[in-house]
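J.: Contents of model_23.txt (compact mmCIF, C-alpha atoms and all ligand atoms) are below:
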```txt
# COMPACT_ATOMS: atom_id res chain seq x y z
CA MET A 1 -157.97 -164.97 78.24
CA ILE A 2 -157.39 -167.52 75.47
CA VAL A 3 -155.86 -170.93 75.93
CA ASN A 4 -154.42 -172.04 72.58
CA MET A 5 -154.16 -175.82 72.58
CA SER A 6 -151.24 -177.49 70.79
CA GLU A 7 -151.75 -179.25 67.49
CA GLY A 8 -152.86 -182.77 68.32
CA ALA A 9 -154.01 -181.98 71.89
CA SER A 10 -156.20 -184.85 73.11
CA GLU A 11 -159.91 -184.60 74.01
CA GLU A 12 -158.98 -185.34 77.63
CA GLN A 13 -156.53 -182.43 77.69
CA ILE A 14 -159.16 -180.10 76.20
CA THR A 15 -161.77 -181.26 78.75
CA HIS A 16 -159.27 -180.67 81.56
CA ILE A 17 -158.72 -177.07 80.42
CA ILE A 18 -162.48 -176.48 80.17
CA GLU A 19 -162.89 -177.69 83.76
CA ARG A 20 -160.04 -175.54 85.05
CA ILE A 21 -161.53 -172.47 83.33
CA ARG A 22 -164.85 -173.12 85.10
CA GLU A 23 -163.08 -173.59 88.44
CA ALA A 24 -161.36 -170.23 87.96
CA GLY A 25 -164.78 -168.55 87.69
CA TYR A 26 -164.88 -168.01 83.90
CA GLN A 27 -167.19 -169.32 81.18
CA PRO A 28 -165.33 -171.62 78.76
CA HIS A 29 -165.98 -171.24 75.00
CA VAL A 30 -164.42 -173.77 72.67
CA THR A 31 -163.58 -173.11 69.01
CA ARG A 32 -162.38 -176.13 67.05
CA GLY A 33 -160.28 -175.35 63.99
CA THR A 34 -159.04 -177.90 61.46
CA THR A 35 -155.75 -178.41 63.29
CA ARG A 36 -156.04 -176.59 66.60
CA THR A 37 -158.56 -175.91 69.33
CA ILE A 38 -158.93 -172.58 71.12
CA VAL A 39 -160.55 -172.41 74.56
CA ALA A 40 -161.54 -168.89 75.59
CA ALA A 41 -162.11 -167.96 79.23
CA VAL A 42 -164.83 -165.29 79.18
CA GLY A 43 -166.27 -163.23 82.04
CA SER A 44 -164.52 -162.26 85.23
CA GLY A 45 -162.62 -164.77 87.33
CA ARG A 46 -159.20 -165.45 88.79
CA ARG A 47 -156.86 -164.52 85.97
CA HIS A 48 -153.71 -166.00 87.53
CA GLU A 49 -155.30 -169.45 87.50
CA ILE A 50 -155.72 -169.21 83.73
CA GLU A 51 -152.20 -167.84 83.23
CA ALA A 52 -150.91 -170.87 85.14
CA LEU A 53 -152.45 -173.20 82.52
CA GLN A 54 -149.48 -172.26 80.32
CA VAL A 55 -147.75 -175.39 81.62
CA ALA A 56 -150.75 -177.74 81.50
CA PRO A 57 -150.43 -180.73 79.15
CA GLY A 58 -151.63 -180.06 75.60
CA VAL A 59 -151.42 -176.25 75.96
CA ASP A 60 -149.36 -174.25 73.47
CA ASN A 61 -149.78 -170.81 75.06
CA VAL A 62 -152.10 -168.56 77.03
CA VAL A 63 -152.77 -165.00 75.82
CA ALA A 64 -155.00 -162.12 76.83
CA ILE A 65 -157.91 -161.13 74.56
CA ALA A 66 -156.87 -157.71 73.32
CA GLN A 67 -160.36 -156.29 72.71
CA PRO A 68 -163.20 -155.62 75.18
CA PHE A 69 -165.48 -157.75 73.00
CA LYS A 70 -164.48 -161.39 73.34
CA LEU A 71 -166.69 -164.01 71.66
CA VAL A 72 -167.26 -161.63 68.75
CA SER A 73 -163.52 -161.18 68.14
CA ARG A 74 -161.45 -162.97 65.53
CA GLN A 75 -158.90 -163.76 68.20
CA VAL A 76 -161.35 -166.22 69.74
CA ARG A 77 -162.62 -167.45 66.39
CA PRO A 78 -160.15 -166.81 63.56
CA HIS A 79 -162.40 -168.31 60.87
CA ARG A 80 -165.40 -166.48 59.49
CA THR A 81 -168.84 -167.41 60.73
CA ALA A 82 -171.68 -168.01 58.30
CA VAL A 83 -175.20 -167.48 59.63
CA ARG A 84 -178.04 -169.56 58.19
CA VAL A 85 -181.48 -168.04 57.77
CA GLY A 86 -183.75 -170.79 56.44
CA ASP A 87 -181.70 -172.22 53.58
CA VAL A 88 -179.83 -168.96 52.93
CA GLU A 89 -176.28 -168.57 54.21
CA ILE A 90 -175.05 -165.08 55.12
CA GLY A 91 -171.26 -164.85 55.35
CA GLY A 92 -170.54 -167.64 52.86
CA ASP A 93 -169.18 -167.24 49.33
CA ASP A 94 -172.14 -165.29 47.92
CA VAL A 95 -173.22 -161.70 48.47
CA VAL A 96 -176.71 -162.09 49.93
CA VAL A 97 -179.31 -159.46 49.09
CA ILE A 98 -182.24 -158.79 51.44
CA ALA A 99 -184.94 -156.65 49.86
CA GLY A 100 -188.48 -155.47 50.46
CA PRO A 101 -190.46 -152.49 51.65
CA CYS A 102 -189.56 -150.37 54.65
CA SER A 103 -193.05 -151.17 56.07
CA VAL A 104 -195.56 -153.86 55.23
CA GLU A 105 -198.59 -151.86 54.05
CA SER A 106 -200.88 -154.51 52.53
CA ARG A 107 -200.86 -158.11 51.31
CA GLU A 108 -200.85 -156.97 47.70
CA GLN A 109 -197.94 -154.55 48.29
CA LEU A 110 -195.76 -157.14 50.03
CA VAL A 111 -196.52 -160.15 47.85
CA SER A 112 -195.94 -158.25 44.59
CA THR A 113 -192.66 -156.89 46.01
CA ALA A 114 -191.60 -160.35 47.18
CA HIS A 115 -192.08 -161.81 43.69
CA ALA A 116 -190.27 -158.90 42.04
CA VAL A 117 -187.23 -158.93 44.32
CA LYS A 118 -186.94 -162.70 44.13
CA LYS A 119 -187.01 -162.57 40.33
CA ALA A 120 -184.24 -159.94 40.41
CA GLY A 121 -182.04 -162.16 42.61
CA ALA A 122 -182.78 -161.27 46.25
CA SER A 123 -182.73 -164.20 48.67
CA LEU A 124 -184.40 -162.75 51.77
CA LEU A 125 -187.50 -160.59 52.16
CA ARG A 126 -187.64 -157.62 54.53
CA GLY A 127 -190.65 -155.65 55.76
CA GLY A 128 -191.38 -153.69 58.94
CA ALA A 129 -194.37 -154.62 61.10
CA TYR A 130 -193.45 -152.53 64.15
CA LYS A 131 -191.85 -149.29 62.99
CA PRO A 132 -189.55 -147.04 65.02
CA ARG A 133 -190.75 -143.65 63.72
CA THR A 134 -189.28 -140.34 64.79
CA SER A 135 -192.77 -138.81 65.08
CA PRO A 136 -195.63 -140.51 66.95
CA TYR A 137 -198.00 -139.15 64.24
CA ASP A 138 -196.30 -141.11 61.46
CA PHE A 139 -197.35 -144.61 60.29
CA GLN A 140 -196.36 -147.04 63.05
CA GLY A 141 -196.73 -150.34 61.15
CA LEU A 142 -199.54 -152.91 60.94
CA GLY A 143 -198.23 -155.04 63.83
CA GLU A 144 -199.41 -158.66 63.90
CA GLU A 145 -201.36 -158.25 60.65
CA ALA A 146 -198.06 -157.42 58.95
CA LEU A 147 -196.41 -160.47 60.51
CA LYS A 148 -199.13 -162.68 59.00
CA ILE A 149 -198.64 -161.09 55.60
CA LEU A 150 -194.86 -161.61 55.87
CA ARG A 151 -195.40 -165.31 56.62
CA GLU A 152 -197.76 -165.66 53.66
CA ALA A 153 -195.31 -163.95 51.32
CA SER A 154 -192.55 -166.21 52.60
CA GLU A 155 -194.60 -169.32 52.01
CA GLU A 156 -195.59 -168.15 48.54
CA THR A 157 -192.05 -167.32 47.41
CA GLY A 158 -189.89 -169.60 49.57
CA MET A 159 -187.91 -166.57 50.82
CA PRO A 160 -187.14 -166.34 54.54
CA VAL A 161 -188.28 -163.07 56.15
CA VAL A 162 -186.63 -160.54 58.44
CA THR A 163 -188.53 -157.94 60.45
CA GLU A 164 -187.71 -155.52 63.25
CA VAL A 165 -188.42 -156.18 66.90
CA MET A 166 -188.70 -152.94 68.89
CA GLY A 167 -189.32 -154.21 72.41
CA THR A 168 -188.97 -157.28 74.63
CA GLU A 169 -192.76 -157.63 74.81
CA ASP A 170 -192.95 -158.38 71.05
CA VAL A 171 -190.16 -160.97 70.85
CA GLU A 172 -192.26 -164.11 71.35
CA LEU A 173 -194.94 -163.12 68.86
CA ILE A 174 -192.43 -162.08 66.18
CA CYS A 175 -190.53 -165.36 66.64
CA GLU A 176 -193.71 -167.21 65.62
CA TYR A 177 -193.71 -165.52 62.20
CA ALA A 178 -190.20 -164.33 61.26
CA ASP A 179 -187.06 -166.23 60.27
CA MET A 180 -184.70 -163.48 61.41
CA LEU A 181 -185.17 -160.61 63.88
CA GLN A 182 -183.80 -157.14 63.21
CA VAL A 183 -182.57 -154.90 66.01
CA GLY A 184 -183.00 -151.40 64.62
CA ALA A 185 -180.32 -148.73 64.82
CA ARG A 186 -182.18 -146.85 67.57
CA ASN A 187 -182.25 -150.00 69.71
CA MET A 188 -178.65 -151.14 69.29
CA GLN A 189 -177.94 -150.43 72.95
CA ASN A 190 -181.31 -151.56 74.32
CA PHE A 191 -179.63 -154.00 76.65
CA SER A 192 -182.77 -155.68 77.94
CA LEU A 193 -183.83 -156.36 74.34
CA LEU A 194 -180.36 -157.74 73.52
CA ARG A 195 -180.44 -159.98 76.62
CA LYS A 196 -183.84 -161.33 75.61
CA LEU A 197 -182.75 -161.95 72.00
CA ALA A 198 -179.70 -163.80 73.31
CA THR A 199 -182.07 -166.51 74.52
CA VAL A 200 -184.10 -167.05 71.32
CA ARG A 201 -183.29 -169.58 68.61
CA LYS A 202 -183.54 -167.15 65.70
CA PRO A 203 -180.75 -165.27 63.93
CA VAL A 204 -180.44 -161.56 64.68
CA LEU A 205 -179.63 -158.72 62.28
CA LEU A 206 -177.95 -156.10 64.46
CA LYS A 207 -177.88 -152.62 62.96
CA ARG A 208 -175.22 -150.15 64.01
CA GLY A 209 -176.59 -147.25 66.08
CA PRO A 210 -176.49 -143.84 64.33
CA SER A 211 -174.05 -142.55 66.96
CA ALA A 212 -172.33 -145.78 67.94
CA THR A 213 -168.63 -146.48 67.53
CA VAL A 214 -167.58 -149.79 65.97
CA LYS A 215 -166.47 -150.92 69.43
CA GLU A 216 -169.91 -150.18 70.93
CA TRP A 217 -171.57 -152.01 68.03
CA LEU A 218 -169.40 -155.10 68.55
CA LEU A 219 -170.03 -154.96 72.31
CA ALA A 220 -173.78 -154.93 71.57
CA ALA A 221 -173.20 -158.11 69.52
CA GLU A 222 -171.23 -159.51 72.47
CA TYR A 223 -174.43 -159.32 74.57
CA LEU A 224 -176.09 -161.69 72.09
CA LEU A 225 -173.20 -164.15 71.84
CA SER A 226 -172.41 -164.20 75.55
CA GLY A 227 -176.08 -164.84 76.30
CA GLY A 228 -176.11 -167.87 73.98
CA ASN A 229 -177.18 -166.61 70.53
CA HIS A 230 -174.26 -166.96 68.12
CA ASP A 231 -176.29 -166.33 64.95
CA VAL A 232 -175.64 -162.63 64.56
CA VAL A 233 -175.24 -160.57 61.38
CA LEU A 234 -173.94 -157.00 61.70
CA CYS A 235 -175.38 -154.22 59.53
CA GLU A 236 -173.76 -150.84 58.79
CA ARG A 237 -176.64 -148.43 58.06
CA GLY A 238 -174.97 -145.03 58.25
CA ILE A 239 -174.09 -142.76 61.13
CA LYS A 240 -174.80 -139.13 62.07
CA THR A 241 -172.27 -136.62 60.79
CA PHE A 242 -172.42 -132.89 59.93
CA GLU A 243 -173.49 -133.77 56.35
CA THR A 244 -177.14 -133.02 55.61
CA GLU A 245 -177.35 -133.83 51.87
CA THR A 246 -177.53 -137.52 52.72
CA ARG A 247 -179.82 -138.90 55.44
CA ASN A 248 -176.89 -140.63 57.18
CA THR A 249 -173.22 -141.07 56.30
CA ILE A 250 -172.55 -144.67 55.37
CA ASP A 251 -169.25 -145.72 56.93
CA LEU A 252 -167.63 -147.99 54.36
CA ALA A 253 -164.43 -148.31 56.37
CA ALA A 254 -166.48 -149.65 59.29
CA ILE A 255 -167.63 -152.55 57.11
CA ALA A 256 -164.03 -153.58 56.44
CA LEU A 257 -163.03 -152.85 60.04
CA ALA A 258 -165.86 -154.86 61.57
CA ARG A 259 -164.90 -157.80 59.34
CA ASP A 260 -161.31 -157.39 60.40
CA LEU A 261 -162.10 -157.31 64.14
CA SER A 262 -164.92 -159.86 64.12
CA HIS A 263 -165.71 -163.21 62.53
CA LEU A 264 -169.40 -162.26 62.19
CA PRO A 265 -170.87 -161.49 58.76
CA VAL A 266 -171.32 -157.78 57.97
CA ILE A 267 -173.89 -156.40 55.56
CA ALA A 268 -174.62 -152.85 54.39
CA ASP A 269 -177.85 -150.86 54.20
CA PRO A 270 -177.43 -148.33 51.38
CA SER A 271 -181.09 -147.28 51.71
CA HIS A 272 -180.89 -145.82 55.24
CA GLY A 273 -177.19 -145.14 54.68
CA THR A 274 -177.95 -142.54 52.01
CA GLY A 275 -181.68 -141.77 52.11
CA LYS A 276 -181.63 -141.29 48.34
CA GLN A 277 -182.79 -143.59 45.53
CA SER A 278 -180.15 -142.15 43.21
CA LEU A 279 -177.25 -143.27 45.43
CA ILE A 280 -178.28 -146.87 46.12
CA ALA A 281 -176.60 -148.43 43.06
CA ALA A 282 -173.21 -146.78 43.60
CA VAL A 283 -173.13 -147.35 47.35
CA SER A 284 -174.22 -150.99 46.94
CA ARG A 285 -171.27 -151.61 44.61
CA ALA A 286 -168.92 -149.79 46.97
CA ALA A 287 -170.09 -151.79 50.00
CA VAL A 288 -169.62 -155.06 48.14
CA ALA A 289 -166.17 -153.96 46.95
CA VAL A 290 -165.01 -153.35 50.56
CA GLY A 291 -166.09 -156.85 51.52
CA ALA A 292 -169.73 -156.64 52.66
CA ASP A 293 -171.29 -160.10 52.93
CA GLY A 294 -174.62 -158.74 51.78
CA LEU A 295 -176.96 -155.79 51.32
CA ILE A 296 -180.38 -154.82 52.65
CA ILE A 297 -182.29 -152.62 50.21
CA GLU A 298 -185.74 -151.02 50.44
CA VAL A 299 -188.04 -151.72 47.49
CA HIS A 300 -191.64 -150.55 46.99
CA PRO A 301 -194.10 -151.04 44.08
CA CYS A 302 -194.68 -147.27 44.01
CA PRO A 303 -192.16 -145.35 46.17
CA GLU A 304 -194.07 -142.06 45.89
CA ARG A 305 -197.00 -143.70 47.72
CA ALA A 306 -194.90 -145.44 50.40
CA LEU A 307 -196.05 -144.90 54.00
CA SER A 308 -192.43 -144.78 55.16
CA ASP A 309 -189.04 -144.15 53.54
CA GLY A 310 -190.35 -143.54 49.98
CA PRO A 311 -187.45 -141.23 48.98
CA GLN A 312 -184.93 -144.01 49.52
CA SER A 313 -187.06 -146.89 48.17
CA LEU A 314 -186.48 -148.32 44.70
CA ASP A 315 -189.24 -149.41 42.36
CA PHE A 316 -188.98 -152.87 40.81
CA ALA A 317 -187.16 -151.74 37.65
CA ALA A 318 -184.60 -149.69 39.58
CA PHE A 319 -183.96 -152.59 41.95
CA GLU A 320 -183.39 -154.95 39.04
CA LYS A 321 -180.86 -152.48 37.64
CA VAL A 322 -179.00 -152.35 40.97
CA MET A 323 -178.87 -156.15 40.99
CA ARG A 324 -177.47 -156.21 37.48
CA GLY A 325 -174.78 -153.75 38.64
CA LEU A 326 -173.65 -156.31 41.20
CA SER A 327 -172.35 -158.40 38.34
CA ALA A 328 -169.91 -161.29 38.35
CA PRO A 329 -166.68 -159.20 37.97
CA LEU A 330 -167.66 -157.04 40.97
CA ARG A 331 -168.42 -160.13 43.01
CA GLY A 332 -164.94 -161.32 42.05
CA ILE A 333 -163.41 -158.12 43.49
CA ALA A 334 -165.59 -158.56 46.55
CA GLY A 335 -164.35 -162.09 47.04
CA ALA A 336 -160.79 -160.79 46.92
CA ALA A 337 -161.60 -158.01 49.42
CA ARG A 338 -163.11 -160.55 51.79
CA GLU A 339 -160.16 -162.93 51.43
CA GLY A 340 -157.59 -160.17 51.82
CA ILE A 341 -158.67 -159.14 55.29
CA THR A 342 -156.08 -160.22 57.79
CA VAL A 343 -156.48 -161.48 61.33
CA PRO A 344 -155.28 -158.81 63.78
CA ALA A 345 -152.02 -159.67 65.53
C1 LIG B 1 -185.57 -150.04 58.73
O1 LIG B 1 -184.85 -151.00 58.41
O2 LIG B 1 -186.61 -149.73 58.13
C2 LIG B 1 -185.10 -149.15 59.83
C3 LIG B 1 -185.95 -148.44 60.56
O3 LIG B 1 -183.78 -149.18 59.94
P1 LIG B 1 -182.79 -148.38 60.95
O4 LIG B 1 -183.02 -148.99 62.29
O5 LIG B 1 -181.43 -148.66 60.39
O6 LIG B 1 -183.16 -146.91 60.89
MN MN B 2 -186.90 -147.85 56.47
```
Output the structure of this file as C-alpha cells.

T.:
Amino acid sequence: MIVNMSEGASEEQITHIIERIREAGYQPHVTRGTTRTIVAAVGSGRRHEIEALQVAPGVDNVVAIAQPFKLVSRQVRPHRTAVRVGDVEIGGDDVVVIAGPCSVESREQLVSTAHAVKKAGASLLRGGAYKPRTSPYDFQGLGEEALKILREASEETGMPVVTEVMGTEDVELICEYADMLQVGARNMQNFSLLRKLATVRKPVLLKRGPSATVKEWLLAAEYLLSGGNHDVVLCERGIKTFETETRNTIDLAAIALARDLSHLPVIADPSHGTGKQSLIAAVSRAAVAVGADGLIIEVHPCPERALSDGPQSLDFAAFEKVMRGLSAPLRGIAGAAREGITVPA
C-alpha cells in the first residue's frame, strides 16, 4: 500500500503515518519528492489499518501497489534512481560504459585492457575472478589473485571495478577488492546470495536470468532493496529462445519495459546478448536508443587467445570503433528515449 501525503504535509504528520504503518505490521519506506512525500507500507500486515489512514491529517490518498515488486516500482519512487560506483554515476545523464575482459587472465592482460578502454571512453572496468562456466573443465577464473589484479588496475587507472560473486562464501572477500558486485545471469534467483548482498554496502549489478521474465528479474531486485541495499543496477544480457545463430536473444523491449516499471538504472550487455563480435556495435547503438543507461562490453587484447568468451570479445581497435559509434547525436536520441518513458498509471 502507498500513502501519498498532501503537498505541504508537515514532518509531524509524516512521522505519524510512519508509526501507524509500523503498528499495522508493515515496514515503512519514505520517498521524498520535491513537493510531495510518499510513504510505502511494504510486507504483510493489517491492510485495513492502512486503508483507514485515508482520513489521517496530511494524507492525500491511499492506494494499493499494483505490482508484486514494491520498492523497485516507479509507483513507490516515481523519479529515477542514480547509482554511484566510486565517482561514476549510473542512471544519470550520461550513458556509462563498463568494459574489460570476460575473465582476468594476468596482470598484463588486465592492465593493458584497462588503459585501452579508459582511453576509448569507458568509465568502469570489468573482469571475472570467479567464473560460472558451463563445463567444470573450462577455465574457472584466478580467484583472489584476479581480485588483487583488479584492484591494482583500478588504482592505476582510477576506474572503479565490477566483478562477479558466485556464492555467499565469497562475498566478504570480494567486497574487500571490488567497487561493485555482479550477480551473474545463472544466479539471478539464488535467493541466499541476494539476501546476503542486501546487507553489504556495495552496489550490485543484477543480470537478468536467461529464462527469467521481467517480473522475476524485478522481484530478484526487490530482495536486494527490501533487505536494505538500494544501490542496484539491472542488466539485460539476453534470454534463451529458439534462435541458435546468436548465443542469446537480447530483449531490447525489456530494457524499455524495466525502465518503465522501475526507477532503477538499466544497462545492456551486447556481448553475452549476441555472442558475436560483429553484432556488438549495432546492438550497443540499439540498446542506447531504447533508453539503456549504460553498456557492459567484453574487451580483450587478443580475443583469439581469450580463456573465456573470445568470440564475443572486441580487441582494442574494435572497441574504440564501437565507442565512436555511440556519438553525440545518438546520445541525444537516447536522452529523448529516457525522458519519454512514462510512469505507469
Ligand atoms: C560475464 O559477465 O562474464 C557473465 C558470465 O555473464 P552472464 O552471467 O550474463 O552470463
Ligand atoms: Mn563473459

J.: Got a sec to check which residues lie within 8 Å of ligand LIG 1 (chain B), using all atoms listed in the file, and send them as a PyMOL selection string?

T.: chain A and resi 102-103+127-128+131-133+164+182-187+207-210+237-238+269+272-273+298+309

J.: Using all atoms listed in the file, pick whichever of A:Lys196, A:Lys119, A:Arg22, A:His300 has the shortest atom-to-atom distance to ligand MN 2 (chain B).

T.: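 Ranking A:Lys196, A:Lys119, A:Arg22, A:His300 by distance to ligand MN 2 (chain B), first place goes to A:His300.
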
J.: Considering only C-alpha atoms, can you say which of A:Ala221, A:Ala41, A:Leu234, A:Leu125 comes closest to Val83 of chain A?

T.: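 When distances to Val83 of chain A are compared using only C-alpha atoms, the smallest one comes from A:Leu234.
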
J.: Please report the interatomic distance between atom CA of Leu142 of chain A and atom CA of Thr274 of chain A in Å with one decimal.

T.: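 Straight-line distance from atom CA of Leu142 of chain A to atom CA of Thr274 of chain A works out to 25.6 Å.
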
J.: For atom CA of Ala99 of chain A and atom CA of His230 of chain A, determine how far apart the two atoms are, in Å to one decimal place.

T.: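 Spanning atom CA of Ala99 of chain A to atom CA of His230 of chain A is a straight-line distance of 23.5 Å.
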
J.: Got a sec: who's within 9 Å of Phe316 of chain A, counting all atoms listed in the file, leaving out chain neighbours fewer than 3 positions off, as an MDAnalysis selection string?

T.: chainID A and resid 113 116:117 120 299:302 319:321

J.: Determine, counting only C-alpha atoms, which protein, DNA and RNA residues have an atom within 10 Å of an atom of Ala292 of chain A; residues of the same chain fewer than 6 positions away are not included. Present the result as a list of chain:residue names.

T.: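 The residues satisfying every condition are A:Gly91, A:Val95, A:Val96, A:Leu234, A:Cys235, A:Glu236, A:Leu252, A:Ile255, A:Ala256, A:Ala258, A:Arg259, A:Pro265, A:Val266, A:Ile267, A:Ala268, A:Ser284, A:Arg285, A:Ala286, A:Ala334, A:Gly335, A:Ala337, A:Arg338.
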
J.: What does the structure give for the distance between atom CA of Val290 of chain A and atom CA of Ser327 of chain A, in Å to one decimal?

T.: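 Interatomic distance, atom CA of Val290 of chain A to atom CA of Ser327 of chain A: 15.1 Å.
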
J.: Nearest to Glu155 of chain A among A:Leu53, A:Met5, A:Ala253, A:Val111, with distances taken over all atoms listed in the file: which residue is it?

T.: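 Using all atoms listed in the file, the shortest distance to Glu155 of chain A belongs to A:Val111.
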